[in-house]
2 protein chains.
Amino acid sequence: MAVSKCSRLSGALVKQLLESVDSVLFDCDGVIWRGDQAIPGAPEVINLLKKSGKKVFFVTNNSTKTRKMYADKLGKLGFDASEEEVFGTAYCSAMYLKTVCRLQGKVYLIGSHAMRQELEAMCIQQVGVGPDPVSGGQSDWANVPLDPDVKAVLVGFDEHFSYMKLNRALQYLCDPECQFVGTNTDTRLPLEGGKAVPGTGCLLKSVETAAQRQAQVVGKPSNFMFECVADQFGLDPSKCLMVGDRLDTDIMLGSNCGLKTLLTLTGVSTVADAEAHQRSGCPHRQKMVPDYYVDSIAEILPALQG
Amino acid sequence: MAVSKCSRLSGALVKQLLESVDSVLFDCDGVIWRGDQAIPGAPEVINLLKKSGKKVFFVTNNSTKTRKMYADKLGKLGFDASEEEVFGTAYCSAMYLKTVCRLQGKVYLIGSHAMRQELEAMCIQQVGVGPDPVSGGQSDWANVPLDPDVKAVLVGFDEHFSYMKLNRALQYLCDPECQFVGTNTDTRLPLEGGKAVPGTGCLLKSVETAAQRQAQVVGKPSNFMFECVADQFGLDPSKCLMVGDRLDTDIMLGSNCGLKTLLTLTGVSTVADAEAHQRSGCPHRQKMVPDYYVDSIAEILPALQG
């Protein structure tokens, strides 16, 4: 439909794009909210999309919340949303371990209580959540007691990440049969005012370095995040629109899965970033060029109200 | 002198090699000792080398001991050695910050008490050593109080490594003027029985991922480790022999600095590893092919006694 990639989405093009899709997938942070504040107009956009018969999904790499926690937050901020529409990496990792890894056993979890809850909701037992301070010396660490039922290591965001957790993951992963899964590779969590804190990608990289193995990554831009939604709701990729603020995760996911893509400028990436990818001539980087961009998803509103 | 690389060192070749050098640099773990046990014959080799007028140095990537702690351990195991002959990365990092970085300010240290002592011995103040448990939430982490006098982040081995330390390093390194130094990139510390625990390389990789910057690395195979010895003792590289058990650190350092190289098979690397590098045709990998190898440095003994 687009004559060239990375066009500003405005005027008649908005309606045309919306008519061409039956499902819209939204990233959350930097797209529909920032921190605890909805992006102005975002709840109206999502609620009107649903009223007009579109399916709407919330697809996020954040692993610190359950589907229910997301649905509650969405409700509080004025979004009409249900748990079943939320696909975070806490939930999707549990799905991945169950359906792709076909895990028979426990998980050694570097992650949050929310991840534990999503695992338990799928009857997957975990060990490891919470603080794990170091004691003893090298030989104690190398001989740390392991749970023989653990058959996978799962790494998500964990503020209690420590040398001892890194060591425990290494000891489990020395068994080549032990599966190795990461929620996502985002290196930083951006906050207001240009600040940032370390993201799951930093923790995963240190475990990968210790284990001398690469994790299977669940989150965007891995196809699994879309397949997880598509399988449950019978989606046709060519009739889906992915809306996100990050070229390397959201837009790349869309390109990988054959979705239409829309970059919104209320978050991390800029039009200049997208244009640099476009000019690069590199096929990999060109997957990070969105079909369209908007300053904010509020720009879709007039087309929905008209 | 060698007709081909990676020859077994034996017979007349031993004496010939020893006569061609005036200094011998030994890695420690896996070369002269394993854990707390001297390699049989190693003390005799080192003591006779010194008696025969060779200079001997101990060059290790381990950052958990001061020069004095090394000299004490060497003495206990029967090696004739003094502090001045020991070049560990705790000491060499302090030297690097002083002489290469010309640091004016404090160091944020992810590392050991030994590193703190070596820094303080060069009048460099540090903050950060010891446990640093997490509290609060993302916005607290992003606004964690920073010491305005910190002008460098130094990452070495730290069993108290934690999310909070990773975060603090990121906050300091957001200032592009803040220097970033790592002791070494060894990914694992090998122990007896094929076991291993995570090495400094895992910690450094997670800080590099968070900071989106690469650290300046002090340890082998960085030339600095040799230069540190060479500058203090006026060494001629062509008259030095580097003896080590790791191709990627010890032998690579030797190749990078124009030293003769000897692999000993009492540690990590094998002859098969070396031969694979030799066959690779890759100039980088060929730097990891030693001139000679021995099963143990004890094989040098007859040439010294004879």
# chains A, B, ... in the order shown; residues from 1 in each chain; ligands from 1
>>> interface_residues(of="chain B", to="chain A", cutoff="7 Å", atoms="only C-alpha atoms", output="list in words")
Val134, Gln138, Trp141, Ala142, Glu159, His160, Phe161, Ser162, Tyr163, Asn167, Thr187, Arg188, Lys195, Ala196, Val197, Pro198, Cys202, Leu203, Lys205, Ser206, Thr209 and Ala210 of chain B
>>> write_last_selection(atoms="N, CA and C atoms", output="CSV table (one decimal), in the first residue's frame")
chain,number,residue,atom,x,y,z
B,134,VAL,N,20.0,-4.3,46.7
B,134,VAL,CA,19.0,-3.4,46.0
B,134,VAL,C,17.9,-3.0,46.9
B,138,GLN,N,12.7,1.5,40.1
B,138,GLN,CA,13.4,2.0,39.0
B,138,GLN,C,13.9,3.4,39.1
B,141,TRP,N,16.6,3.8,41.5
B,141,TRP,CA,17.9,3.3,40.9
B,141,TRP,C,18.5,4.3,39.9
B,142,ALA,N,17.6,4.9,39.1
B,142,ALA,CA,18.1,5.9,38.2
B,142,ALA,C,18.7,7.1,38.8
B,159,GLU,N,32.6,-11.0,44.0
B,159,GLU,CA,31.6,-12.0,44.3
B,159,GLU,C,30.3,-11.3,44.9
B,160,HIS,N,30.5,-10.0,45.1
B,160,HIS,CA,29.3,-9.2,45.6
B,160,HIS,C,28.6,-8.5,44.4
B,161,PHE,N,29.0,-8.9,43.2
B,161,PHE,CA,28.4,-8.3,42.0
B,161,PHE,C,26.9,-8.4,42.1
B,162,SER,N,26.2,-7.3,41.8
B,162,SER,CA,24.7,-7.3,42.0
B,162,SER,C,24.1,-6.3,41.0
B,163,TYR,N,22.8,-6.4,40.9
B,163,TYR,CA,22.1,-5.5,40.0
B,163,TYR,C,22.4,-4.0,40.4
B,167,ASN,N,23.9,-1.1,38.1
B,167,ASN,CA,23.2,0.1,37.9
B,167,ASN,C,24.1,1.3,38.2
B,187,THR,N,36.2,-15.6,31.0
B,187,THR,CA,34.8,-15.8,31.2
B,187,THR,C,34.5,-16.8,32.3
B,188,ARG,N,35.5,-17.7,32.6
B,188,ARG,CA,35.3,-18.7,33.7
B,188,ARG,C,36.6,-18.8,34.4
B,195,LYS,N,35.3,-28.5,37.0
B,195,LYS,CA,34.3,-27.5,37.4
B,195,LYS,C,34.8,-26.1,37.1
B,196,ALA,N,33.9,-25.1,37.1
B,196,ALA,CA,34.3,-23.7,36.9
B,196,ALA,C,33.2,-22.8,37.5
B,197,VAL,N,33.6,-21.6,37.8
B,197,VAL,CA,32.7,-20.6,38.3
B,197,VAL,C,32.8,-19.4,37.4
B,198,PRO,N,31.8,-18.5,37.4
B,198,PRO,CA,31.9,-17.3,36.4
B,198,PRO,C,33.1,-16.4,36.7
B,202,CYS,N,32.3,-12.1,32.7
B,202,CYS,CA,30.8,-12.1,32.7
B,202,CYS,C,30.3,-10.8,33.3
B,203,LEU,N,31.0,-10.3,34.3
B,203,LEU,CA,30.6,-9.1,35.0
B,203,LEU,C,30.9,-7.9,34.1
B,205,LYS,N,31.1,-7.9,30.8
B,205,LYS,CA,30.2,-7.9,29.7
B,205,LYS,C,28.8,-7.3,30.0
B,206,SER,N,28.4,-7.6,31.3
B,206,SER,CA,27.1,-7.0,31.6
B,206,SER,C,27.2,-5.5,31.8
B,209,THR,N,27.4,-4.0,28.4
B,209,THR,CA,26.1,-4.0,27.7
B,209,THR,C,25.2,-2.8,28.2
B,210,ALA,N,25.2,-2.6,29.5
B,210,ALA,CA,24.4,-1.5,30.1
B,210,ALA,C,25.0,-0.2,29.7
>>> select_by_dssp(residues="stretch 22-252 of chain B", states="alpha helix (DSSP H)", output="number ranges by chain")
B: 42-51, 67-76, 89-99, 113-121, 138-142, 163-173, 200-211, 223-233, 252
>>> residues_around(residues="B:Gln104", least_positions_apart="3", cutoff="9 Å", atoms="only C-alpha atoms", output="list of chain:residue names")
B:Lys98, B:Cys101, B:Ile124, B:Asp149, B:Val150, B:Lys151
>>> residues_around(residues="stretch 273-285 of chain B", least_positions_apart="6", cutoff="12 Å", atoms="only C-alpha atoms", output="JSON, numbers by chain")
{"B": [4, 5, 6, 7, 245, 246, 247, 248, 249, 251, 252, 255, 256, 262, 263, 264, 265, 291, 292, 293]}
>>> residues_around(residues="B:Met115", least_positions_apart="4", cutoff="12 Å", atoms="only C-alpha atoms", output="PyMOL selection string")
chain B and resi 62-69+88-95+107-111+119-122+124-130+154-158+182-183
>>> atom_distance(atom1="atom CA of B:Ile46", atom2="atom CA of B:Gly78")
9.7 Å
